[in-house]
Amino acid sequence: MLVYASTIGAGFLYDDEVLIRTNPRVHDAGGLWRAPLEPLLTAAGTGDTNYYRPVVNVLYNMTWRAGGGRPAAFHLLNLLLHMTNATLVMLLVRRLRGAAPSDPVAIGAAVLFAVHPLTSEVVAWPSCLPELGYVTFGLSALVLHAASWRLAAWVSFGLALGCKETAVVLLPLIVMLELWRGSGGVRGAVRSMAPYLGVAAIFLAARVAVLGGVMPHGTAGLRTTADSVLNAPSLLVRYLGMMLVPWPLRIEHVVTLVSSAKDPRFLVSAAAIVALGAAAWRLRRRRPDLAFAACWTVVPVLPALHLPALGRDPFAERYAYLAVAGLCWLAVGGVEALGVARRWLLPVFVYAVSIAFAVATVRRCGDWYDDGTLGASSIRHEPRAAVGYLLRGGWLLREGRAEEAWRVFRDGVDHAPANIELHRFAFGLGAQLHRMTQEQLLAEYERLVPLARDSATAEFNLGQALLEGGRLDAAETAFGRALELVPDSIPAMAGLVEIALRRGDAPTAQSWCGRAKGVGGASEAAMQQLRSVCEVAERSSP
């Protein structure tokens, strides 16, 4: 509580704007009962991923109403869940070791996990509630499974899946738990797994029914399975390194991906993974508890190695949240095993590391106060990441400091030239402040065309930028490409309505309005944009 106390006074940050503050499903009191039938957020208008996380829907909705929409309620919920998770780590380690309540390894692992700096993003950012929730219910499932309360464990596993799909990582952990610590062998592990697989199948069926597929239309990224294979070893080693030495902490880590099997990063990382796997396999005979801890350190980050399912970030600190707990157990248990003859070694290790971690975590929490501080931290630690300039510049704009915002966006264009949003803000604000002529503005917009590629979000943003710059034909083409990628893109249709209105083509504008109004599940912001242009279209019709 002391380490994370400063987060209670922080505001909404980054994606909280669309996931919480302006999400109608969070605000609607009746939405609580529709949670299993709706995605967490519908952002199909710009091609963003739709999330099916009904438990998070419920938690967000209840927290919004209980706290009157204040961010403090969401920050407090995150902190309470993290405290719960640390306690569950202690209970699970103690039970799997068959130790007394005062077991120093269980307490030490929980303390290190509670203050580990790599968990700061998850605790300080309200939008990371899915991560916290799935770990809370997932650890509960493991504790209940180890205690042979199987029905409760199955229910808890289902709730974990309802928080985040990556709760499937619990399945291999349960198998290893049965094989390495159970007495039923392979058959016993298979029998234990059957109910969990049934729960997973029910969740998958519900997800497909609500989203219309395993992955919603238009959410596939540009990365391939081959990219995942080439980059999995180096990314996994990077996660392990960040868990051991959590510095520097950033909201976005710019990673240059491996493109060839001859790359030294692939070869060295693959060799390191093989060596670590062999060590864990040998360890399972002498210390099955530490072997399980080693698996706990690796398995939770495996879904984050599948690059096609990820968005912009191939590496993100929040993906390692559950894995950090496994590493803390492995580290404390390893020190205990090495220092059997020196009883003072374990408490000294825990005290020294936890104090150092706590200081680093308190400092990191200061970055997560608002978009301004978070953006400034990102620019300072990773100037190549566009998100820092977008956050800092957007915050300055809301504070009425347009001149400073324009300079931040221009600096962002220099450091992250491939980001369309930075170009759009820099050029649009430059025109507003009379720092760019209309001819310069249109020329810059023309340069954005090859940057859009096959991203519906990029195509829509490009279309909006071209529309603002008066390039109606080019804007129409960009909106058309966005619709090809996401046929139900309401913002793209609204853009086409506005183009038709500027051309004086009221029938075409009315046609697009009719098509857009037939699309369901759009965000309130998208519908507001649509209503505003369609009202003009109706007044313009003969």
# chains A, B, ... in the order shown; residues from 1 in each chain; ligands from 1

call {"tool": "select_by_dssp", "arguments": {"residues": "segment 194-335 of chain A", "states": "alpha helix (DSSP H)", "output": "JSON, numbers by chain"}}
result
{"A": [194, 195, 196, 197, 198, 199, 200, 201, 202, 203, 204, 205, 206, 207, 208, 209, 210, 211, 225, 226, 227, 228, 229, 230, 231, 232, 233, 234, 235, 236, 237, 238, 239, 240, 241, 242, 243, 244, 264, 265, 266, 267, 268, 269, 270, 271, 272, 273, 274, 275, 276, 277, 278, 279, 280, 281, 282, 283, 284, 285, 286, 288, 289, 290, 291, 292, 293, 294, 295, 296, 297, 298, 321, 322, 323, 324, 325, 326, 327, 328, 329, 330, 331, 332, 333, 334, 335]}

call {"tool": "write_last_selection", "arguments": {"atoms": "C-alpha atoms", "output": "tab-separated table (two decimals), in the first residue's frame"}}
result
chain	number	residue	atom	x	y	z
A	194	ALA	CA	-10.35	-32.53	-18.65
A	195	PRO	CA	-12.68	-30.18	-16.72
A	196	TYR	CA	-10.40	-27.19	-17.34
A	197	LEU	CA	-10.39	-27.94	-21.07
A	198	GLY	CA	-14.19	-28.06	-20.94
A	199	VAL	CA	-14.30	-24.63	-19.31
A	200	ALA	CA	-11.89	-23.29	-21.95
A	201	ALA	CA	-14.07	-24.72	-24.73
A	202	ILE	CA	-17.17	-23.01	-23.31
A	203	PHE	CA	-15.31	-19.69	-23.14
A	204	LEU	CA	-14.02	-20.06	-26.71
A	205	ALA	CA	-17.54	-20.78	-27.97
A	206	ALA	CA	-18.86	-17.68	-26.19
A	207	ARG	CA	-16.05	-15.56	-27.61
A	208	VAL	CA	-16.69	-16.75	-31.16
A	209	ALA	CA	-20.43	-16.15	-30.76
A	210	VAL	CA	-19.98	-12.57	-29.49
A	211	LEU	CA	-17.11	-11.45	-31.73
A	225	THR	CA	4.05	-16.88	-37.63
A	226	ALA	CA	7.54	-17.02	-39.13
A	227	ASP	CA	8.29	-13.70	-37.45
A	228	SER	CA	7.16	-15.23	-34.15
A	229	VAL	CA	9.49	-18.21	-34.54
A	230	LEU	CA	12.48	-16.02	-35.35
A	231	ASN	CA	11.85	-13.55	-32.52
A	232	ALA	CA	10.53	-15.81	-29.74
A	233	PRO	CA	13.96	-16.69	-28.28
A	234	SER	CA	15.28	-13.11	-28.15
A	235	LEU	CA	11.99	-11.73	-26.80
A	236	LEU	CA	11.84	-14.41	-24.11
A	237	VAL	CA	15.42	-13.69	-23.06
A	238	ARG	CA	14.54	-10.00	-22.99
A	239	TYR	CA	11.57	-10.66	-20.68
A	240	LEU	CA	13.75	-12.73	-18.34
A	241	GLY	CA	16.37	-9.99	-18.32
A	242	MET	CA	13.79	-7.31	-17.49
A	243	MET	CA	12.48	-9.44	-14.64
A	244	LEU	CA	15.97	-9.80	-13.20
A	264	PRO	CA	23.32	-13.52	-33.63
A	265	ARG	CA	20.39	-12.50	-31.42
A	266	PHE	CA	18.45	-15.54	-32.58
A	267	LEU	CA	21.37	-17.96	-32.26
A	268	VAL	CA	22.55	-16.80	-28.84
A	269	SER	CA	19.04	-16.52	-27.40
A	270	ALA	CA	18.02	-19.94	-28.72
A	271	ALA	CA	21.12	-21.51	-27.16
A	272	ALA	CA	20.38	-19.78	-23.86
A	273	ILE	CA	16.76	-21.03	-23.88
A	274	VAL	CA	17.90	-24.60	-24.55
A	275	ALA	CA	20.41	-24.43	-21.69
A	276	LEU	CA	17.83	-23.01	-19.28
A	277	GLY	CA	15.30	-25.66	-20.30
A	278	ALA	CA	17.81	-28.43	-19.69
A	279	ALA	CA	18.63	-27.00	-16.27
A	280	ALA	CA	14.95	-26.86	-15.30
A	281	TRP	CA	14.45	-30.46	-16.47
A	282	ARG	CA	17.34	-31.67	-14.28
A	283	LEU	CA	16.12	-29.57	-11.39
A	284	ARG	CA	12.71	-31.26	-11.36
A	285	ARG	CA	14.14	-34.44	-9.77
A	286	ARG	CA	16.00	-32.77	-6.92
A	288	PRO	CA	10.47	-30.05	-8.11
A	289	ASP	CA	9.21	-26.90	-6.34
A	290	LEU	CA	11.94	-24.77	-7.92
A	291	ALA	CA	11.47	-26.51	-11.28
A	292	PHE	CA	7.81	-25.52	-11.14
A	293	ALA	CA	8.85	-21.97	-10.22
A	294	ALA	CA	11.10	-21.91	-13.30
A	295	CYS	CA	8.16	-22.97	-15.50
A	296	TRP	CA	5.99	-20.34	-13.80
A	297	THR	CA	8.59	-17.77	-14.83
A	298	VAL	CA	8.45	-18.70	-18.53
A	321	TYR	CA	3.11	-9.59	-14.62
A	322	LEU	CA	2.31	-13.21	-13.65
A	323	ALA	CA	5.77	-14.42	-14.67
A	324	VAL	CA	7.39	-12.00	-12.20
A	325	ALA	CA	5.80	-13.95	-9.32
A	326	GLY	CA	7.43	-17.17	-10.56
A	327	LEU	CA	10.82	-15.51	-10.81
A	328	CYS	CA	10.52	-14.08	-7.28
A	329	TRP	CA	9.83	-17.58	-5.95
A	330	LEU	CA	12.71	-19.02	-7.97
A	331	ALA	CA	15.11	-16.33	-6.73
A	332	VAL	CA	14.18	-16.61	-3.05
A	333	GLY	CA	14.07	-20.41	-3.18
A	334	GLY	CA	17.43	-20.49	-4.91
A	335	VAL	CA	19.04	-18.29	-2.27

call {"tool": "residues_around", "arguments": {"residues": "segment 478-485 of chain A", "least_positions_apart": "3", "cutoff": "7 Å", "atoms": "only C-alpha atoms", "output": "list in words"}}
result
Gly218, Ala456, Glu459, Phe460, Leu462, Gly463, Ala474, Ala475, Asp488, Ser489, Ala492 and Leu496 of chain A

call {"tool": "write_last_selection", "arguments": {"atoms": "all heavy atoms", "output": "short mmCIF file (atom, residue, chain, number, x, y, z; two decimals), in the first residue's frame"}}
result
data_model
loop_
_atom_site.label_atom_id
_atom_site.label_comp_id
_atom_site.auth_asym_id
_atom_site.auth_seq_id
_atom_site.Cartn_x
_atom_site.Cartn_y
_atom_site.Cartn_z
N GLY A 218 -10.43 -7.80 -39.36
CA GLY A 218 -9.62 -6.59 -39.47
C GLY A 218 -8.62 -6.40 -38.36
O GLY A 218 -7.98 -5.36 -38.31
N ALA A 456 -6.10 -0.44 -41.07
CA ALA A 456 -7.35 0.32 -41.13
C ALA A 456 -7.25 1.59 -40.30
O ALA A 456 -7.76 2.64 -40.68
CB ALA A 456 -8.51 -0.55 -40.65
N GLU A 459 -5.15 4.06 -42.24
CA GLU A 459 -5.89 4.57 -43.41
C GLU A 459 -6.94 5.59 -42.97
O GLU A 459 -7.11 6.63 -43.62
CB GLU A 459 -6.57 3.41 -44.15
CG GLU A 459 -5.61 2.42 -44.80
CD GLU A 459 -4.96 2.97 -46.06
OE1 GLU A 459 -5.15 4.16 -46.36
OE2 GLU A 459 -4.25 2.21 -46.74
N PHE A 460 -7.64 5.29 -41.87
CA PHE A 460 -8.65 6.24 -41.40
C PHE A 460 -8.00 7.55 -40.97
O PHE A 460 -8.47 8.64 -41.32
CB PHE A 460 -9.45 5.64 -40.23
CG PHE A 460 -10.30 6.66 -39.53
CD1 PHE A 460 -11.47 7.13 -40.10
CD2 PHE A 460 -9.91 7.18 -38.31
CE1 PHE A 460 -12.24 8.08 -39.47
CE2 PHE A 460 -10.67 8.13 -37.66
CZ PHE A 460 -11.85 8.59 -38.24
N LEU A 462 -5.20 8.78 -41.91
CA LEU A 462 -4.71 9.47 -43.11
C LEU A 462 -5.88 10.15 -43.83
O LEU A 462 -5.77 11.31 -44.25
CB LEU A 462 -4.03 8.47 -44.04
CG LEU A 462 -3.59 9.02 -45.40
CD1 LEU A 462 -2.61 10.17 -45.23
CD2 LEU A 462 -2.98 7.91 -46.24
N GLY A 463 -7.00 9.45 -43.96
CA GLY A 463 -8.17 10.05 -44.61
C GLY A 463 -8.63 11.29 -43.88
O GLY A 463 -8.98 12.31 -44.51
N ALA A 474 -8.06 12.25 -52.41
CA ALA A 474 -7.14 11.38 -51.68
C ALA A 474 -7.77 10.89 -50.38
O ALA A 474 -7.59 9.73 -49.99
CB ALA A 474 -5.84 12.13 -51.37
N ALA A 475 -8.55 11.77 -49.71
CA ALA A 475 -9.24 11.36 -48.48
C ALA A 475 -10.26 10.28 -48.77
O ALA A 475 -10.40 9.30 -48.01
CB ALA A 475 -9.91 12.57 -47.84
N ASP A 488 -17.36 -2.33 -41.46
CA ASP A 488 -18.31 -1.64 -40.59
C ASP A 488 -17.71 -0.39 -39.94
O ASP A 488 -18.13 0.02 -38.86
CB ASP A 488 -18.80 -2.59 -39.48
CG ASP A 488 -19.66 -3.70 -40.05
OD1 ASP A 488 -20.20 -3.53 -41.15
OD2 ASP A 488 -19.79 -4.74 -39.38
N SER A 489 -16.74 0.22 -40.59
CA SER A 489 -16.08 1.40 -40.02
C SER A 489 -16.98 2.63 -40.10
O SER A 489 -17.10 3.29 -41.13
CB SER A 489 -14.77 1.67 -40.78
OG SER A 489 -14.20 2.88 -40.34
N ALA A 492 -15.14 5.97 -40.86
CA ALA A 492 -14.79 6.09 -42.28
C ALA A 492 -16.02 6.47 -43.10
O ALA A 492 -15.93 7.31 -44.01
CB ALA A 492 -14.19 4.78 -42.79
N LEU A 496 -16.78 9.82 -45.39
CA LEU A 496 -17.30 9.83 -46.76
C LEU A 496 -18.56 10.69 -46.88
O LEU A 496 -18.80 11.32 -47.91
CB LEU A 496 -17.59 8.40 -47.21
CG LEU A 496 -16.33 7.53 -47.42
CD1 LEU A 496 -16.71 6.07 -47.61
CD2 LEU A 496 -15.53 8.03 -48.62
#

call {"tool": "atom_distance", "arguments": {"atom1": "atom CA of Leu429 of chain A", "atom2": "atom CA of Glu399 of chain A"}}
result
14.6 Å

call {"tool": "atom_distance", "arguments": {"atom1": "atom CA of Glu165 of chain A", "atom2": "atom CA of Met527 of chain A"}}
result
28.6 Å

call {"tool": "closest_residue", "arguments": {"among": "A:Gly430, A:Gly138, A:Gly375, A:Pro347", "to": "Val111 of chain A", "atoms": "only C-alpha atoms"}}
result
A:Pro347

call {"tool": "closest_residue", "arguments": {"among": "A:Ala66, A:Met436, A:Val413, A:Leu13", "to": "Asp367 of chain A", "atoms": "only C-alpha atoms"}}
result
A:Leu13

call {"tool": "residues_around", "arguments": {"residues": "Ile8 of chain A", "least_positions_apart": "5", "cutoff": "6 Å", "atoms": "only C-alpha atoms", "output": "JSON, numbers by chain"}}
result
{"A": [72, 75, 76]}

call {"tool": "write_last_selection", "arguments": {"atoms": "all heavy atoms", "output": "CSV table (one decimal), in the first residue's frame"}}
result
chain,number,residue,atom,x,y,z
A,72,ALA,N,-9.9,7.7,-9.1
A,72,ALA,CA,-9.3,7.1,-7.8
A,72,ALA,C,-9.9,5.7,-7.6
A,72,ALA,O,-9.3,4.9,-7.0
A,72,ALA,CB,-9.6,8.1,-6.7
A,75,HIS,N,-8.0,3.2,-9.6
A,75,HIS,CA,-6.7,3.0,-9.1
A,75,HIS,C,-6.7,2.2,-7.8
A,75,HIS,O,-5.8,1.3,-7.6
A,75,HIS,CB,-6.0,4.3,-8.9
A,75,HIS,CG,-5.6,5.0,-10.1
A,75,HIS,ND1,-4.5,4.6,-10.9
A,75,HIS,CD2,-6.1,6.1,-10.8
A,75,HIS,CE1,-4.4,5.4,-12.0
A,75,HIS,NE2,-5.3,6.3,-11.9
A,76,LEU,N,-7.7,2.4,-7.0
A,76,LEU,CA,-7.8,1.7,-5.7
A,76,LEU,C,-8.1,0.2,-6.0
A,76,LEU,O,-7.6,-0.7,-5.3
A,76,LEU,CB,-8.9,2.3,-4.9
A,76,LEU,CG,-9.2,1.6,-3.5
A,76,LEU,CD1,-7.9,1.6,-2.6
A,76,LEU,CD2,-10.3,2.3,-2.8

call {"tool": "residues_around", "arguments": {"residues": "Leu374 of chain A", "least_positions_apart": "6", "cutoff": "9 Å", "atoms": "only C-alpha atoms", "output": "list of chain:residue names"}}
result
A:Leu13, A:Tyr14, A:Ile251, A:Gly366, A:Asp367, A:Trp368, A:Gly388, A:Leu391, A:Arg392

call {"tool": "write_last_selection", "arguments": {"atoms": "N, CA, C and O atoms", "output": "short mmCIF file (atom, residue, chain, number, x, y, z; two decimals), in the first residue's frame"}}
result
data_model
loop_
_atom_site.label_atom_id
_atom_site.label_comp_id
_atom_site.auth_asym_id
_atom_site.auth_seq_id
_atom_site.Cartn_x
_atom_site.Cartn_y
_atom_site.Cartn_z
N LEU A 13 -5.31 7.55 -17.77
CA LEU A 13 -4.13 7.67 -18.61
C LEU A 13 -4.29 6.89 -19.91
O LEU A 13 -4.94 5.85 -19.93
N TYR A 14 -3.71 7.42 -20.96
CA TYR A 14 -3.50 6.69 -22.21
C TYR A 14 -4.81 6.04 -22.69
O TYR A 14 -5.78 6.73 -22.95
N ILE A 251 6.73 2.83 -21.24
CA ILE A 251 5.39 2.44 -21.69
C ILE A 251 5.46 1.75 -23.05
O ILE A 251 4.61 0.94 -23.39
N GLY A 366 5.51 7.75 -9.99
CA GLY A 366 5.44 9.19 -10.25
C GLY A 366 5.27 9.50 -11.72
O GLY A 366 4.67 10.52 -12.08
N ASP A 367 5.78 8.62 -12.60
CA ASP A 367 5.59 8.82 -14.04
C ASP A 367 4.14 8.59 -14.46
O ASP A 367 3.67 9.15 -15.45
N TRP A 368 3.42 7.74 -13.71
CA TRP A 368 2.06 7.37 -14.07
C TRP A 368 1.03 8.26 -13.39
O TRP A 368 -0.02 7.79 -12.95
N GLY A 388 5.02 8.52 -26.59
CA GLY A 388 5.40 9.57 -25.64
C GLY A 388 5.04 10.96 -26.14
O GLY A 388 4.51 11.79 -25.40
N LEU A 391 1.17 11.39 -26.13
CA LEU A 391 0.62 11.61 -24.79
C LEU A 391 0.97 13.01 -24.28
O LEU A 391 0.11 13.75 -23.80
N ARG A 392 2.24 13.38 -24.39
CA ARG A 392 2.68 14.68 -23.90
C ARG A 392 2.04 15.82 -24.69
O ARG A 392 1.55 16.80 -24.10
#

call {"tool": "closest_atom_pairs", "arguments": {"of": "segment 122-178 of chain A", "to": "segment 348-362 of chain A", "cutoff": "12 Å", "atoms": "only C-alpha atoms", "output": "JSON lines"}}
result
{"residue": "A:Val122", "atom": "CA", "partner": "A:Thr361", "partner_atom": "CA", "distance": 11.7}
{"residue": "A:Val123", "atom": "CA", "partner": "A:Thr361", "partner_atom": "CA", "distance": 10.4}
{"residue": "A:Ala124", "atom": "CA", "partner": "A:Thr361", "partner_atom": "CA", "distance": 10.2}

call {"tool": "write_last_selection", "arguments": {"atoms": "N, CA, C and O atoms", "output": "mmCIF file, in the first residue's frame"}}
result
data_model
loop_
_atom_site.group_PDB
_atom_site.id
_atom_site.type_symbol
_atom_site.label_atom_id
_atom_site.label_comp_id
_atom_site.auth_asym_id
_atom_site.auth_seq_id
_atom_site.Cartn_x
_atom_site.Cartn_y
_atom_site.Cartn_z
ATOM 1 N N VAL A 122 1.191 -2.373 -14.552
ATOM 2 C CA VAL A 122 -0.092 -3.045 -14.362
ATOM 3 C C VAL A 122 -0.880 -2.417 -13.220
ATOM 4 O O VAL A 122 -2.099 -2.206 -13.323
ATOM 5 N N VAL A 123 -0.216 -2.083 -12.128
ATOM 6 C CA VAL A 123 -0.910 -1.552 -10.952
ATOM 7 C C VAL A 123 -1.313 -0.092 -11.161
ATOM 8 O O VAL A 123 -2.395 0.327 -10.756
ATOM 9 N N ALA A 124 -0.475 0.703 -11.812
ATOM 10 C CA ALA A 124 -0.719 2.145 -11.931
ATOM 11 C C ALA A 124 -1.628 2.518 -13.092
ATOM 12 O O ALA A 124 -2.080 3.660 -13.169
#

call {"tool": "atom_distance", "arguments": {"atom1": "atom CA of Glu317 of chain A", "atom2": "atom CA of Leu305 of chain A"}}
result
12.8 Å

call {"tool": "closest_residue", "arguments": {"among": "A:Val18, A:Ala337, A:Ala386, A:Leu307", "to": "Val105 of chain A", "atoms": "only C-alpha atoms"}}
result
A:Ala337

call {"tool": "residues_around", "arguments": {"residues": "Glu38 of chain A", "least_positions_apart": "3", "cutoff": "8 Å", "atoms": "only C-alpha atoms", "output": "VMD selection string"}}
result
chain A and resid 34 to 35 52 54 210
